[in-house]
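Trainee: After the structure tokens below, expect a handful of questions from me.
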Amino acid sequence: MRIIRSIKKLRQFVKNAKRKGKTIGFVPTMGYLHEGHLSLLREAKKDCDICVVSIFVNPIQFGPKEDFSRYPRDIKRDKFLLKSAGADIIFYPSIKIMYPPGFLTFVVIERLSDVLCGNSRPGHFKGVTTVVTKLFNIVQADIAYFGQKDIQQSIIIQKMVEDLNMPLKIKLMPIVREIDGLAMSSRNVYLFPQQRSDAVILWQALKKAKQMINMGERSSQAIISSIKKLICTKKRVRIDYIDCVSIDNLTSLRKLKGRVIIALAVWIGKVRLIDNIIVRA
Ligand code: PAF
């Protein structure tokens with residue numbers, strides 16, 4: 001496994017690999033890796049000859065009051081995990097390389113970026129789509145892998161790839177959960193023990209929503225108010241949003257029909273957690 005910090009060196013590596021007819025799989029990350037990231041790498045290894053994982057905590061996707069400076073980082077541990085899981089390349093650029101002085105260009109996917117998490121985190125998806133575009137241009141992968149945990153991000157990136165004719169495929173992989181159901185996230189490390197046990201309520205709420213839909217409930221209002229009530233049994237948990245949206249365009253639904261995402265974001269102390277399920281109604 002090689003660690004490459006320069007764009008030029010990575011491009012050279014990719015050019016050589018492509019000349020030999022190799023396919024490239026790409027897993028973009030912000031590091032502090034967990035089993036969710038490694039599941040993306042394993043899938044990439046099944047599909048592609050060479051797997052590139054990027055580690056870059058992207059400053060422009062964090063709001064001014066968000067956790068950019070304290071976002072967990074442990075490159076030594078990440079290197080070890082990626083080597084054990086069989087990554088070929090870690091692309092680990094500096095902020096200065098990605099955003100040199102005078103950087104002025106941003107990629108915005110309209111409407112999809114303003115709802116759900118985009119409503120609570122203005123500018124977040126503009127930062128994501130900008131960095132992902134840069135990474136796609138640098139890595140030139142055949143397939144890029146994203147986790148369902150950040151379902152809105154994946155849908156926005158899929159739309160960006162279609163709209164801008166980017167020559168790669170996006171593969172969405174299932175959420176990897178802890179034994180008690182909490183979706184794996186680098187931010188789970190922020191949770192104090194009591195908060196960690198409260199956090200299971202997200203998964204319990206989503207399971208309840210699914211159960212209601214399976215029993216025939218189609219009113220999003222009924223589902224949302226029922227899971228709101230469940231979440232509110234935890235005193236330390238504050239709801240940011242709960243919504244039932246169409247998987248095609250992320251619009252809120254009054255009556256559930258077809259493939260639907262039940263998505264939620266909650267605050268537990270200073271930690272904001274998101275989770276979702278895709279159901280067929
Ligand atoms: O999902 C993430 O970790 C980030 O948003 C991504 C896609 C690596 C862009 O910084």
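By order of appearance in the structure tokens: chains A, B, ..., then residues from 1 within every chain, and ligands from 1 in the order shown.
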Considering only C-alpha atoms, return as a PyMOL selection string whatever protein or nucleic-acid residues lie within 7 Å of Ile227 (chain A), sequence-local ones (same chain, fewer than 6 positions apart) excluded.
Mentor: chain A and resi 205+208-209
Trainee: Selected residues, N, CA, C and O atoms, written as a tab-separated table (two decimals), in the first residue's frame, please.
Mentor:
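Wrote it out as out.tsv, contents follow:
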chain	number	residue	atom	x	y	z
A	205	ALA	N	-36.46	3.94	16.54
A	205	ALA	CA	-37.47	4.78	15.88
A	205	ALA	C	-37.66	4.34	14.42
A	205	ALA	O	-38.79	4.23	13.94
A	208	LYS	N	-39.50	1.14	14.25
A	208	LYS	CA	-40.93	1.36	14.52
A	208	LYS	C	-41.62	1.87	13.25
A	208	LYS	O	-42.72	1.42	12.90
A	209	ALA	N	-40.97	2.80	12.54
A	209	ALA	CA	-41.55	3.35	11.31
A	209	ALA	C	-41.77	2.22	10.30
A	209	ALA	O	-42.83	2.12	9.67
Trainee: Please identify all protein, DNA and RNA residues within 7 Å of ligand 1, counting only C-alpha atoms and all ligand atoms, and report them as a PyMOL selection string.
Mentor: chain A and resi 28-30+56-58+128+131-132+150
Trainee: Write the residues of the selection above to a file with N, CA and C atoms, as a compact mmCIF listing (two decimals), in the first residue's frame.
Mentor:
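The result, stored in selection30.txt:
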# COMPACT_ATOMS: atom_id res chain seq x y z
N PRO A 28 -14.03 7.60 -1.05
CA PRO A 28 -13.68 8.87 -0.42
C PRO A 28 -14.06 8.87 1.05
N THR A 29 -13.17 9.31 1.93
CA THR A 29 -13.49 9.34 3.36
C THR A 29 -12.88 10.59 4.01
N MET A 30 -13.31 10.83 5.25
CA MET A 30 -12.66 11.87 6.04
C MET A 30 -11.83 11.22 7.16
N PHE A 56 -9.41 12.88 3.79
CA PHE A 56 -9.29 14.35 3.75
C PHE A 56 -10.46 14.93 4.53
N VAL A 57 -10.17 15.59 5.64
CA VAL A 57 -11.23 16.26 6.40
C VAL A 57 -11.44 17.60 5.70
N ASN A 58 -12.54 17.67 4.98
CA ASN A 58 -12.78 18.75 4.02
C ASN A 58 -13.32 20.00 4.72
N VAL A 128 -19.41 19.43 0.02
CA VAL A 128 -19.25 18.01 -0.31
C VAL A 128 -19.11 17.84 -1.83
N VAL A 131 -15.73 19.13 -3.16
CA VAL A 131 -14.55 18.27 -2.90
C VAL A 131 -14.66 16.95 -3.65
N VAL A 132 -15.88 16.41 -3.73
CA VAL A 132 -16.04 15.12 -4.41
C VAL A 132 -15.73 15.29 -5.91
N ASP A 150 -25.21 8.17 4.78
CA ASP A 150 -25.34 9.55 4.28
C ASP A 150 -26.14 9.50 2.98
Trainee: Quick one: residues within 10 Å of Gly31 (chain A), only C-alpha atoms, excluding same-chain residues fewer than 3 positions away - as a count of residues only?
Mentor: 18
Trainee: Would you please work out which residue, of A:Arg19, A:Lys126, A:Arg218, A:Arg121, is nearest to Cys244 (chain A) when using only C-alpha atoms?
Mentor: A:Arg218
Trainee: Could you pull out all residues of region 32-248 of chain A with a DSSP call of helix (DSSP H, G or I) and give them as JSON, numbers by chain?
Mentor: {"A": [35, 36, 37, 38, 39, 40, 41, 42, 43, 44, 45, 46, 47, 59, 60, 61, 75, 76, 77, 78, 79, 80, 81, 82, 83, 84, 85, 95, 96, 97, 98, 117, 118, 119, 120, 124, 125, 126, 127, 128, 129, 130, 131, 132, 133, 134, 135, 136, 137, 138, 139, 148, 149, 150, 151, 152, 153, 154, 155, 156, 157, 158, 159, 160, 161, 162, 163, 186, 187, 188, 189, 190, 193, 194, 195, 196, 197, 198, 200, 201, 202, 203, 204, 205, 206, 207, 208, 209, 210, 211, 212, 213, 214, 220, 221, 222, 223, 224, 225, 226, 227, 228, 229, 230, 231]}
Trainee: Closest to Thr129 (chain A) among A:Asp47, A:Ala85, A:Met98, A:Ile60, using only C-alpha atoms?
Mentor: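 For Thr129 (chain A), the nearest of the given residues is A:Ile60.
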Trainee: Could you pull out the strand (DSSP E or B) residues of region 35-280 of chain A from DSSP and send them as a count of residues only?
Mentor: 54
Trainee: Using only C-alpha atoms, which of A:Val139, A:Lys134, A:Gly123, A:Leu116 sits nearest Ile4 (chain A)?
Mentor: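 Closest to Ile4 (chain A), using only C-alpha atoms: A:Val139.
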Trainee: Taking only C-alpha atoms into account, which of A:Leu168, A:Leu82, A:Leu38, A:Ile89 comes nearest Arg11 (chain A)?
Mentor: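 Looking only at the distances to Arg11 (chain A), the closest residue turns out to be A:Ile89.
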Trainee: If you count only C-alpha atoms, which residues fall within 9 Å of Ser120 (chain A), apart from same-chain ones fewer than 3 positions away, as a list in words?
Mentor: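 That gives Asp114, Val115, Leu116, Cys117, Asp240 and Tyr241 of chain A.
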Trainee: For Phe26 (chain A), which residue out of A:Leu182, A:Val260, A:Leu135, A:Ile239 is the nearest one, using only C-alpha atoms?
Mentor: A:Leu135
Trainee: Hey, can you check how far CA of Val52 (chain A) sits from CA of Ala144 (chain A)?
Mentor: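 So the two atoms, CA of Val52 (chain A) and CA of Ala144 (chain A), lie 9.5 Å apart.
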Trainee: Got a sec: who's within 9 Å of Ala183 (chain A), counting only C-alpha atoms, leaving out chain neighbours fewer than 4 positions off, as a ChimeraX atom specification?
Mentor: /A:36,149,175-178,188,200,202-203,273-275
